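Next comes start19.pdb, with PDB, C-alpha atoms.
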ATOM      1  CA  MET A   1       0.000   0.000   0.000
ATOM      2  CA  ALA A   2       1.095   3.566  -0.648
ATOM      3  CA  LYS A   3       2.704   5.462   2.221
ATOM      4  CA  LYS A   4       0.377   8.323   3.134
ATOM      5  CA  PHE A   5       1.495  11.810   4.183
ATOM      6  CA  ALA A   6      -0.814  14.402   5.787
ATOM      7  CA  PHE A   7       0.255  18.036   5.321
ATOM      8  CA  LEU A   8      -0.725  20.685   7.870
ATOM      9  CA  LEU A   9      -0.114  24.192   6.517
ATOM     10  CA  VAL A  10       0.242  27.183   8.799
ATOM     11  CA  ARG A  11      -1.122  30.501   7.631
ATOM     12  CA  ASP A  12       1.454  32.217   5.352
ATOM     13  CA  PHE A  13       3.299  28.925   4.861
ATOM     14  CA  THR A  14       6.322  28.733   2.550
ATOM     15  CA  LEU A  15       5.332  27.199  -0.769
ATOM     16  CA  SER A  16       8.672  25.865  -2.058
ATOM     17  CA  PRO A  17       9.355  23.307   0.733
ATOM     18  CA  LEU A  18       5.816  21.926   0.351
ATOM     19  CA  SER A  19       6.055  21.584  -3.432
ATOM     20  CA  LEU A  20       9.588  20.150  -3.397
ATOM     21  CA  PHE A  21       8.673  17.576  -0.763
ATOM     22  CA  ILE A  22       5.522  16.458  -2.579
ATOM     23  CA  ASP A  23       7.156  16.430  -6.006
ATOM     24  CA  THR A  24       9.982  14.245  -4.738
ATOM     25  CA  LEU A  25       7.420  11.746  -3.464
ATOM     26  CA  ARG A  26       5.408  12.054  -6.690
ATOM     27  CA  LEU A  27       8.336  11.486  -9.043
ATOM     28  CA  ALA A  28       9.949   8.750  -6.981
ATOM     29  CA  GLY A  29       6.758   6.782  -6.429
ATOM     30  CA  ASP A  30       5.659   6.278 -10.027
ATOM     31  CA  GLU A  31       7.050   4.960 -13.305
ATOM     32  CA  GLY A  32       7.775   7.728 -15.770
ATOM     33  CA  ASP A  33       6.283  11.143 -15.054
ATOM     34  CA  ARG A  34       2.540  10.456 -14.980
ATOM     35  CA  SER A  35       1.867  11.657 -11.406
ATOM     36  CA  ARG A  36       0.225   8.415 -10.310
ATOM     37  CA  ARG A  37       0.193   7.831  -6.549
ATOM     38  CA  VAL A  38       1.575   4.303  -6.623
ATOM     39  CA  GLU A  39       4.115   4.235  -3.770
ATOM     40  CA  PHE A  40       3.140   7.461  -2.009
ATOM     41  CA  ASP A  41      -0.065   9.376  -1.386
ATOM     42  CA  TRP A  42      -0.685  12.739   0.268
ATOM     43  CA  GLU A  43      -3.427  15.076   1.416
ATOM     44  CA  ILE A  44      -3.592  18.737   2.437
ATOM     45  CA  VAL A  45      -5.526  18.385   5.680
ATOM     46  CA  GLY A  46      -7.661  21.299   6.847
ATOM     47  CA  GLU A  47     -11.078  22.827   7.230
ATOM     48  CA  ARG A  48     -12.914  22.019   3.991
ATOM     49  CA  GLY A  49     -13.677  24.983   1.789
ATOM     50  CA  LEU A  50     -11.314  27.357   3.583
ATOM     51  CA  PRO A  51      -8.272  28.319   1.463
ATOM     52  CA  ILE A  52      -4.840  28.483   3.094
ATOM     53  CA  ARG A  53      -2.675  31.388   1.981
ATOM     54  CA  ALA A  54       1.047  30.937   1.308
ATOM     55  CA  SER A  55       3.524  33.683   2.140
ATOM     56  CA  CYS A  56       3.888  34.360  -1.607
ATOM     57  CA  GLY A  57       0.127  34.975  -1.956
ATOM     58  CA  VAL A  58      -0.860  31.665  -3.572
ATOM     59  CA  GLU A  59      -3.875  30.009  -1.931
ATOM     60  CA  LEU A  60      -4.486  26.253  -1.628
ATOM     61  CA  LEU A  61      -7.661  24.445  -0.694
ATOM     62  CA  PRO A  62      -7.479  21.439   1.663
ATOM     63  CA  THR A  63      -7.982  18.115  -0.076
ATOM     64  CA  LYS A  64      -9.139  16.250   3.033
ATOM     65  CA  ALA A  65     -11.132  17.246   6.095
ATOM     66  CA  ILE A  66      -9.493  17.012   9.505
ATOM     67  CA  GLY A  67      -9.994  13.476  10.742
ATOM     68  CA  ASN A  68      -7.938  10.678  12.222
ATOM     69  CA  PRO A  69      -4.129  11.142  12.065
ATOM     70  CA  GLU A  70      -3.687   7.376  12.397
ATOM     71  CA  ASP A  71      -4.887   7.120   8.804
ATOM     72  CA  PHE A  72      -1.478   8.476   7.783
ATOM     73  CA  ASP A  73       2.095   7.235   7.970
ATOM     74  CA  ASN A  74       3.493  10.717   8.600
ATOM     75  CA  VAL A  75       2.106  14.132   9.559
ATOM     76  CA  VAL A  76       4.067  16.996   7.983
ATOM     77  CA  VAL A  77       3.837  20.551   9.353
ATOM     78  CA  VAL A  78       4.848  23.220   6.828
ATOM     79  CA  GLY A  79       6.021  26.398   8.528
ATOM     80  CA  GLY A  80       5.967  29.957   7.297
ATOM     81  CA  LEU A  81       6.377  33.481   8.595
ATOM     82  CA  LEU A  82       7.575  33.546  12.193
ATOM     83  CA  ASP A  83       4.554  35.060  13.854
ATOM     84  CA  THR A  84       2.755  33.172  16.617
ATOM     85  CA  SER A  85      -0.575  34.504  15.348
ATOM     86  CA  ARG A  86       0.019  32.604  12.093
ATOM     87  CA  GLY A  87       0.078  29.125  13.557
ATOM     88  CA  LEU A  88      -2.289  26.198  13.304
ATOM     89  CA  SER A  89      -6.013  26.443  13.858
ATOM     90  CA  SER A  90      -7.409  24.751  16.973
ATOM     91  CA  GLU A  91      -8.667  21.845  14.839
ATOM     92  CA  LYS A  92      -5.284  21.311  13.207
ATOM     93  CA  GLU A  93      -3.595  21.652  16.597
ATOM     94  CA  ALA A  94      -5.801  18.879  18.003
ATOM     95  CA  PHE A  95      -5.004  16.706  14.963
ATOM     96  CA  LEU A  96      -1.262  17.225  15.488
ATOM     97  CA  MET A  97      -1.357  16.513  19.218
ATOM     98  CA  ARG A  98      -3.372  13.343  18.648
ATOM     99  CA  ALA A  99      -0.790  12.226  16.100
ATOM    100  CA  ALA A 100       1.931  12.673  18.732
ATOM    101  CA  GLU A 101      -0.100  10.788  21.349
ATOM    102  CA  LYS A 102      -0.654   7.873  18.967
ATOM    103  CA  GLY A 103       2.978   7.679  17.901
ATOM    104  CA  VAL A 104       2.460   8.788  14.303
ATOM    105  CA  PRO A 105       5.807  10.114  12.967
ATOM    106  CA  ILE A 106       5.841  13.907  12.641
ATOM    107  CA  THR A 107       7.891  15.991  10.220
ATOM    108  CA  ALA A 108       8.528  19.745  10.144
ATOM    109  CA  LEU A 109       9.493  21.619   6.992
ATOM    110  CA  CYS A 110      11.237  24.990   7.160
ATOM    111  CA  THR A 111      10.015  26.917  10.244
ATOM    112  CA  GLY A 112       7.594  24.107  11.032
ATOM    113  CA  SER A 113      10.183  23.248  13.681
ATOM    114  CA  PHE A 114       9.065  26.366  15.589
ATOM    115  CA  VAL A 115       5.482  25.081  15.491
ATOM    116  CA  LEU A 116       6.431  21.655  16.875
ATOM    117  CA  ALA A 117       8.644  23.208  19.535
ATOM    118  CA  ARG A 118       5.855  25.521  20.745
ATOM    119  CA  TYR A 119       3.757  22.432  21.446
ATOM    120  CA  GLY A 120       6.657  20.727  23.224
ATOM    121  CA  LEU A 121       6.902  18.092  20.487
ATOM    122  CA  LEU A 122      10.659  18.564  20.033
ATOM    123  CA  ASP A 123      11.707  18.597  23.692
ATOM    124  CA  GLY A 124      14.566  16.156  24.075
ATOM    125  CA  TYR A 125      14.919  15.720  20.309
ATOM    126  CA  SER A 126      17.591  16.848  17.884
ATOM    127  CA  ALA A 127      16.313  19.333  15.294
ATOM    128  CA  ALA A 128      17.789  20.881  12.157
ATOM    129  CA  VAL A 129      17.025  24.595  11.920
ATOM    130  CA  SER A 130      18.069  27.087   9.259
ATOM    131  CA  TRP A 131      21.234  29.020  10.074
ATOM    132  CA  PHE A 132      19.113  32.141   9.493
ATOM    133  CA  HIS A 133      16.811  31.296  12.429
ATOM    134  CA  ILE A 134      19.001  29.229  14.764
ATOM    135  CA  LYS A 135      19.679  32.010  17.276
ATOM    136  CA  ASP A 136      15.986  32.842  17.673
ATOM    137  CA  PHE A 137      15.096  29.163  17.927
ATOM    138  CA  ARG A 138      17.634  28.432  20.661
ATOM    139  CA  ALA A 139      16.600  31.478  22.648
ATOM    140  CA  GLU A 140      12.941  30.449  22.564
ATOM    141  CA  PHE A 141      13.351  26.672  22.933
ATOM    142  CA  PRO A 142      16.346  25.811  25.140
ATOM    143  CA  ASP A 143      15.064  22.249  25.721
ATOM    144  CA  VAL A 144      15.495  21.327  22.053
ATOM    145  CA  SER A 145      18.884  20.174  20.769
ATOM    146  CA  ALA A 146      18.857  22.485  17.761
ATOM    147  CA  HIS A 147      21.667  22.715  15.230
ATOM    148  CA  ALA A 148      22.326  24.462  11.924
ATOM    149  CA  ASP A 149      25.136  22.290  10.597
ATOM    150  CA  SER A 150      23.028  19.871   8.538
ATOM    151  CA  LEU A 151      20.236  20.070   5.984
ATOM    152  CA  TYR A 152      17.858  17.858   7.922
ATOM    153  CA  SER A 153      17.630  15.669  10.999
ATOM    154  CA  VAL A 154      15.702  12.487  11.728
ATOM    155  CA  ASP A 155      15.527  11.653  15.421
ATOM    156  CA  ARG A 156      13.217   8.766  16.278
ATOM    157  CA  GLY A 157       9.694   9.876  15.359
ATOM    158  CA  ARG A 158      10.625  13.471  14.545
ATOM    159  CA  ALA A 159      12.107  14.805  11.315
ATOM    160  CA  THR A 160      13.055  18.431  10.691
ATOM    161  CA  CYS A 161      14.730  20.305   7.853
ATOM    162  CA  ALA A 162      16.197  23.739   7.292
ATOM    163  CA  GLY A 163      13.775  24.522   4.479
ATOM    164  CA  GLY A 164      14.189  25.388   0.808
ATOM    165  CA  THR A 165      15.668  22.582  -1.270
ATOM    166  CA  GLY A 166      16.438  20.752   1.971
ATOM    167  CA  ALA A 167      12.791  19.643   1.853
ATOM    168  CA  ALA A 168      13.564  17.635  -1.288
ATOM    169  CA  ASP A 169      16.533  16.041   0.480
ATOM    170  CA  LEU A 170      14.396  15.073   3.465
ATOM    171  CA  ALA A 171      11.714  13.659   1.159
ATOM    172  CA  GLY A 172      14.499  11.766  -0.599
ATOM    173  CA  TYR A 173      15.468  10.256   2.737
ATOM    174  CA  PHE A 174      11.924   8.924   3.209
ATOM    175  CA  VAL A 175      11.887   7.620  -0.356
ATOM    176  CA  SER A 176      15.169   5.798   0.256
ATOM    177  CA  GLN A 177      13.845   4.282   3.474
ATOM    178  CA  PHE A 178      10.564   3.111   1.937
ATOM    179  CA  ILE A 179      11.376   2.097  -1.652
ATOM    180  CA  GLY A 180      15.121   2.547  -2.188
ATOM    181  CA  GLN A 181      17.905   4.957  -3.078
ATOM    182  CA  LYS A 182      17.510   4.584  -6.847
ATOM    183  CA  ALA A 183      13.976   5.977  -6.694
ATOM    184  CA  ALA A 184      15.221   8.999  -4.742
ATOM    185  CA  GLU A 185      17.994   9.583  -7.272
ATOM    186  CA  LYS A 186      15.489   9.358 -10.132
ATOM    187  CA  ALA A 187      13.322  12.053  -8.543
ATOM    188  CA  ALA A 188      16.343  14.319  -8.030
ATOM    189  CA  LYS A 189      17.346  13.978 -11.685
ATOM    190  CA  ILE A 190      13.867  14.825 -12.946
ATOM    191  CA  LEU A 191      13.805  17.876 -10.654
ATOM    192  CA  VAL A 192      17.207  18.834 -12.132
ATOM    193  CA  LEU A 193      18.827  18.665  -8.706
ATOM    194  CA  ASP A 194      22.495  17.746  -8.541
ATOM    195  CA  ARG A 195      21.738  14.866  -6.167
ATOM    196  CA  ILE A 196      19.749  13.949  -3.094
ATOM    197  CA  ARG A 197      21.913  15.126  -0.231
ATOM    198  CA  SER A 198      22.150  13.279   3.075
ATOM    199  CA  SER A 199      21.927  14.487   6.670
ATOM    200  CA  ARG A 200      25.737  14.665   6.627
ATOM    201  CA  ASP A 201      25.654  17.462   4.056
ATOM    202  CA  VAL A 202      25.863  20.920   5.556
ATOM    203  CA  GLN A 203      23.725  23.972   4.962
ATOM    204  CA  PRO A 204      25.222  26.582   2.605
ATOM    205  CA  VAL A 205      27.548  28.999   4.390
ATOM    206  CA  GLY A 206      26.718  32.688   4.293
ATOM    207  CA  ASP A 207      28.568  35.074   1.981
ATOM    208  CA  LEU A 208      31.163  36.136   4.562
ATOM    209  CA  PHE A 209      33.434  33.220   3.596
ATOM    210  CA  PRO A 210      32.595  32.217   0.000
ATOM    211  CA  ALA A 211      35.962  30.419  -0.370
ATOM    212  CA  ALA A 212      34.981  27.740   2.162
ATOM    213  CA  ALA A 213      35.050  24.480   0.208
ATOM    214  CA  SER A 214      35.455  21.444   2.452
ATOM    215  CA  ARG A 215      32.679  19.964   4.556
ATOM    216  CA  ALA A 216      34.792  20.382   7.709
ATOM    217  CA  VAL A 217      35.337  24.126   7.217
ATOM    218  CA  LYS A 218      31.719  24.779   6.208
ATOM    219  CA  ARG A 219      30.400  22.839   9.173
ATOM    220  CA  ALA A 220      32.854  24.546  11.531
ATOM    221  CA  LEU A 221      31.688  27.965  10.315
ATOM    222  CA  LEU A 222      28.068  26.984  10.877
ATOM    223  CA  LEU A 223      28.904  25.797  14.389
ATOM    224  CA  MET A 224      30.544  29.149  15.032
ATOM    225  CA  GLU A 225      27.514  31.037  13.677
ATOM    226  CA  SER A 226      25.288  28.909  15.898
ATOM    227  CA  ASN A 227      27.364  29.691  19.004
ATOM    228  CA  LEU A 228      28.177  33.390  18.891
ATOM    229  CA  GLN A 229      27.018  34.219  22.403
ATOM    230  CA  GLU A 230      28.710  31.331  24.193
ATOM    231  CA  THR A 231      31.779  30.800  22.062
ATOM    232  CA  LEU A 232      33.335  27.383  21.561
ATOM    233  CA  SER A 233      37.056  26.738  21.710
ATOM    234  CA  VAL A 234      38.881  25.585  18.585
ATOM    235  CA  ALA A 235      39.510  22.263  20.336
ATOM    236  CA  GLU A 236      35.749  21.817  20.925
ATOM    237  CA  ILE A 237      34.964  22.630  17.306
ATOM    238  CA  ALA A 238      37.648  20.240  16.045
ATOM    239  CA  ALA A 239      36.302  17.475  18.294
ATOM    240  CA  ARG A 240      32.830  17.898  16.766
ATOM    241  CA  MET A 241      34.434  17.658  13.313
ATOM    242  CA  ASN A 242      36.199  14.435  14.364
ATOM    243  CA  CYS A 243      39.561  15.944  13.492
ATOM    244  CA  SER A 244      42.508  17.414  15.371
ATOM    245  CA  ARG A 245      42.888  21.091  16.143
ATOM    246  CA  ARG A 246      45.988  21.245  13.959
ATOM    247  CA  GLN A 247      44.163  19.646  11.041
ATOM    248  CA  LEU A 248      41.293  22.130  11.348
ATOM    249  CA  GLU A 249      43.729  25.057  11.486
ATOM    250  CA  ARG A 250      45.465  23.794   8.330
ATOM    251  CA  LEU A 251      42.125  23.551   6.504
ATOM    252  CA  PHE A 252      41.140  27.092   7.500
ATOM    253  CA  GLY A 253      44.533  28.420   6.443
ATOM    254  CA  ALA A 254      44.375  26.669   3.075
ATOM    255  CA  GLU A 255      40.791  27.670   2.232
ATOM    256  CA  LEU A 256      40.274  31.011   3.980
ATOM    257  CA  GLY A 257      43.806  32.270   4.596
ATOM    258  CA  ILE A 258      43.076  32.791   8.300
ATOM    259  CA  GLY A 259      42.801  30.616  11.391
ATOM    260  CA  PRO A 260      39.588  29.378  13.035
ATOM    261  CA  MET A 261      39.672  31.960  15.838
ATOM    262  CA  ALA A 262      40.102  34.831  13.371
ATOM    263  CA  ALA A 263      37.156  33.524  11.361
ATOM    264  CA  TYR A 264      35.115  33.174  14.561
ATOM    265  CA  LEU A 265      35.867  36.770  15.507
ATOM    266  CA  ALA A 266      34.920  37.973  12.022
ATOM    267  CA  LEU A 267      31.559  36.211  12.330
ATOM    268  CA  ARG A 268      30.911  37.772  15.740
ATOM    269  CA  VAL A 269      31.777  41.259  14.504
ATOM    270  CA  HIS A 270      29.666  40.730  11.368
ATOM    271  CA  TYR A 271      26.662  39.762  13.490
ATOM    272  CA  ALA A 272      27.259  42.715  15.809
ATOM    273  CA  LYS A 273      27.294  45.016  12.775
ATOM    274  CA  SER A 274      23.931  43.659  11.618
ATOM    275  CA  LEU A 275      22.458  44.233  15.095
ATOM    276  CA  LEU A 276      23.828  47.765  15.259
ATOM    277  CA  GLU A 277      22.318  48.617  11.879
ATOM    278  CA  GLY A 278      19.052  46.729  12.201
ATOM    279  CA  SER A 279      17.991  46.910  15.860
ATOM    280  CA  ASP A 280      17.622  49.312  18.770
ATOM    281  CA  LEU A 281      19.436  47.059  21.233
ATOM    282  CA  ALA A 282      21.829  48.733  23.635
ATOM    283  CA  ILE A 283      25.500  48.303  22.768
ATOM    284  CA  GLY A 284      26.041  46.346  25.981
ATOM    285  CA  GLU A 285      23.316  43.892  24.993
ATOM    286  CA  ILE A 286      24.811  43.517  21.509
ATOM    287  CA  ALA A 287      28.200  42.842  23.073
ATOM    288  CA  TYR A 288      26.655  40.107  25.229
ATOM    289  CA  ARG A 289      24.819  38.490  22.316
ATOM    290  CA  CYS A 290      28.009  38.397  20.275
ATOM    291  CA  GLY A 291      30.150  36.804  22.979
ATOM    292  CA  PHE A 292      32.078  39.825  24.275
ATOM    293  CA  PRO A 293      32.554  40.172  28.053
ATOM    294  CA  ASN A 294      31.552  43.854  28.203
ATOM    295  CA  ALA A 295      30.743  46.884  26.060
ATOM    296  CA  GLY A 296      34.213  48.377  26.423
ATOM    297  CA  HIS A 297      35.982  45.284  25.161
ATOM    298  CA  PHE A 298      33.455  44.966  22.352
ATOM    299  CA  SER A 299      33.991  48.587  21.257
ATOM    300  CA  ARG A 300      37.780  48.167  21.153
ATOM    301  CA  VAL A 301      37.628  44.963  19.128
ATOM    302  CA  PHE A 302      34.945  46.334  16.809
ATOM    303  CA  ARG A 303      37.084  49.396  16.060
ATOM    304  CA  GLN A 304      40.147  47.229  15.414
ATOM    305  CA  GLN A 305      38.179  45.095  12.972
ATOM    306  CA  THR A 306      36.144  47.771  11.173
ATOM    307  CA  GLY A 307      37.996  51.034  11.696
ATOM    308  CA  ILE A 308      35.018  52.706  13.409
ATOM    309  CA  THR A 309      33.340  52.445  16.797
ATOM    310  CA  PRO A 310      29.910  50.868  17.298
ATOM    311  CA  THR A 311      28.534  54.309  18.189
ATOM    312  CA  HIS A 312      29.923  55.807  14.984
ATOM    313  CA  LEU A 313      28.265  53.059  12.918
ATOM    314  CA  ARG A 314      24.888  53.531  14.576
ATOM    315  CA  HIS A 315      24.972  57.356  14.860
ATOM    316  CA  PRO A 316      27.431  58.678  12.252
ATOM    317  CA  ASN A 317      26.182  62.276  12.447
ATOM    318  CA  ARG A 318      26.425  62.384  16.231
ATOM    319  CA  ALA A 319      29.896  60.839  16.147
ATOM    320  CA  ALA A 320      31.050  63.329  13.523
ATOM    321  CA  ALA A 321      29.779  66.243  15.620
ATOM    322  CA  ASN A 322      31.677  64.922  18.641
ATOM    323  CA  ASP A 323      34.851  64.656  16.572
ATOM    324  CA  VAL A 324      34.493  68.280  15.444
ATOM    325  CA  ALA A 325      33.904  69.423  19.037
ATOM    326  CA  LYS A 326      37.143  67.774  20.088
TER     327      LYS A 326
END
Full structure transcribed into structure tokens:
Amino acid sequence: MAKKFAFLLVRDFTLSPLSLFIDTLRLAGDEGDRSRRVEFDWEIVGERGLPIRASCGVELLPTKAIGNPEDFDNVVVVGGLLDTSRGLSSEKEAFLMRAAEKGVPITALCTGSFVLARYGLLDGYSAAVSWFHIKDFRAEFPDVSAHADSLYSVDRGRATCAGGTGAADLAGYFVSQFIGQKAAEKAAKILVLDRIRSSRDVQPVGDLFPAAASRAVKRALLLMESNLQETLSVAEIAARMNCSRRQLERLFGAELGIGPMAAYLALRVHYAKSLLEGSDLAIGEIAYRCGFPNAGHFSRVFRQQTGITPTHLRHPNRAAANDVAK
């Protein structure tokens, strides 16, 4: 019998993870490209007749009324804009909680991990979260073992992914588990994807270090970005990479031209710069969030790295007037 997936869409859900996940199942589960539901089946579960709006403006109608989650082999929550008012309806919430009670496997796509975590459904589990949202996620859900150094995570009855094309990779994992790796590879080729990536593949690194090439360096940078407030030592990072500190330092030198600690500091200063330009947080709070012991130390390091003080960046006119007065 076909494996059945129930999709719960939050209001303003992200369309691409949903479509990539379903299309991977569709293409892998049929011969040719005729969209027959031979190996896999799926339903958009919701209140009948009520359209669900995606963040891009497209609206979808549910294909099945809210019923018994035990009719499905997996319940998939598709996240969207991070606003608690755009969550699941009470009926969908009850459906999800019943699925958890009955042991039905639950999957979260994109920011669906925030939805599961708000219901306590990820407490004690490992979860893959986008590098773009990892800081917010950890601050809100300290009981979840969240990480941003892989595309997706499958931990017992919970699966999570960072979003985007990672949804196709996670769907490919399910395809491989149910009907084999060749079917997953076929779907990837039809979707013109390079390959179905595994949970060992890392999320793309931000544009601060575009020269990063090896998995070890990319993953180390993501670990650093995920731990800006409470910084890790190079030895701790190397241990998580299953390599020696010296080996990690050689890789950073060869690919980036700097050592791990210099790269770590650049990431912290880069994040501090974004907070100075895009928030009203006090400089002392920004220093704390970026792993500096106090505002004074932060200001000195920031000036060494950028050539200007944090105050000058945030209030250039005021700083210029002070310089003239001096």
### Query
Written as number ranges by chain, which residues does the PyMOL selection byres ((chain A and resi 153) around 6) give for the file shown?
A: 127-128, 152, 154, 159-160
### Task
May I ask which of the residues A:Asn242, A:Ser150, A:Thr24, A:Thr14 is the closest one to Val175 of chain A, counting all atoms listed in the file?
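Result for the nearest residue to Val175 of chain A: A:Thr24.
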### Task
Identify which of the residues A:Ser176, A:Ser89, A:Pro69, A:Leu191 lies closest to Leu50 of chain A, counting all atoms listed in the file when measuring atom-to-atom distances.
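Of all the options, A:Ser89 lies closest to Leu50 of chain A.
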### Task
Name the residues that the PyMOL selection byres ((chain A and resi 73) around 12) pulls out of this structure, and write them as a list of chain:residue names.
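Going through the file, the PyMOL selection byres ((chain A and resi 73) around 12) ends up selecting A:Met1, A:Ala2, A:Lys3, A:Lys4, A:Phe5, A:Ala6, A:Phe7, A:Phe40, A:Asp41, A:Trp42, A:Glu43, A:Asn68, A:Pro69, A:Glu70, A:Asp71, A:Phe72, A:Asn74, A:Val75, A:Val76, A:Ala99, A:Lys102, A:Gly103, A:Val104, A:Pro105, A:Ile106, A:Thr107, A:Gly157, A:Phe174, A:Phe178.
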### Task
Work out how far atom CA of Leu151 of chain A is from atom CA of Val192 of chain A, in Å to one decimal.
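So the answer is 18.4 Å.
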### Query
What residues come out when you apply the PyMOL selection byres ((chain A and resi 132) around 10) to this file, written as a list in words?
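Evaluating the PyMOL selection byres ((chain A and resi 132) around 10) on these coordinates yields Val129, Ser130, Trp131, His133, Ile134, Lys135, Asp136, Phe137, Ala148, Ala162, Gly206, Glu225 and Ser226 of chain A.
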### Message
Using Å and a single decimal, report how far atom CA of Ala212 of chain A sits from atom CA of Glu255 of chain A.
### Response
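Separating atom CA of Glu255 of chain A from atom CA of Ala212 of chain A is a distance of 5.8 Å.
Reported to one decimal place, the separation of atom CA of Leu9 of chain A from atom CA of Glu59 of chain A is 10.9 Å.
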### Which residue of A:Leu256, A:Ala287, A:Leu248, A:Val45 approaches Leu208 of chain A most closely, using all atoms listed in the file
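That would be A:Leu256, the residue with the smallest distance to Leu208 of chain A.
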Test item: axis-aligned box, all listed atoms of segment 70-80 of chain A, 5 Å on each side, centre and edges in Å rounded to one decimal, as JSON:
{"center_x": 0.6, "center_y": 18.5, "center_z": 9.6, "size_x": 20.9, "size_y": 32.8, "size_z": 15.6}
### Query
Taking into account all atoms listed in the file, which residue in the set A:Gly291, A:Pro51, A:Gly29, A:Gly67 is nearest to Tyr271 of chain A?
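Answer, going by the shortest atom-to-atom distance: A:Gly291.
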### Top pick for closest residue to Arg26 of chain A, considering A:Leu82, A:Ala171, A:Leu61, A:Ala94 and counting all atoms listed in the file
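Counting all atoms listed in the file, the residue closest to Arg26 of chain A is A:Ala171.
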Leu267 of chain A: which residues within 9 Å, counting only C-alpha atoms, same-chain residues fewer than 3 positions away excluded, as a short mmCIF file (atom, residue, chain, number, x, y, z; two decimals) with C-alpha atoms, keeping the file's coordinate frame?
data_model
loop_
_atom_site.label_atom_id
_atom_site.label_comp_id
_atom_site.auth_asym_id
_atom_site.auth_seq_id
_atom_site.Cartn_x
_atom_site.Cartn_y
_atom_site.Cartn_z
CA LEU A 208 31.16 36.14 4.56
CA LEU A 221 31.69 27.96 10.32
CA MET A 224 30.54 29.15 15.03
CA GLU A 225 27.51 31.04 13.68
CA LEU A 228 28.18 33.39 18.89
CA ALA A 262 40.10 34.83 13.37
CA ALA A 263 37.16 33.52 11.36
CA TYR A 264 35.12 33.17 14.56
CA HIS A 270 29.67 40.73 11.37
CA TYR A 271 26.66 39.76 13.49
CA ALA A 272 27.26 42.72 15.81
CA CYS A 290 28.01 38.40 20.27
#
### Task
Counting all atoms listed in the file, figure out which residue out of A:Ala184, A:Leu8, A:Leu121, A:Cys110 gets nearest to Gly163 of chain A.
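With all atoms listed in the file as the atom set, the closest residue is A:Cys110.
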### Exercise: Arg197 of chain A partners within 10 Å, all atoms listed in the file, chain neighbours under 4 positions left out, as a PyMOL selection string
chain A and resi 151-152+165-166+168-170+172-173+185+188+193+201-202
### Task
List the neighbours of Ser274 of chain A out to 12 Å using only C-alpha atoms; skip same-chain residues closer than 5 positions along the sequence, and give me the result as JSON, numbers by chain.
{"A": [267, 268, 269, 279, 280, 281, 286, 289, 290, 310, 313, 314]}
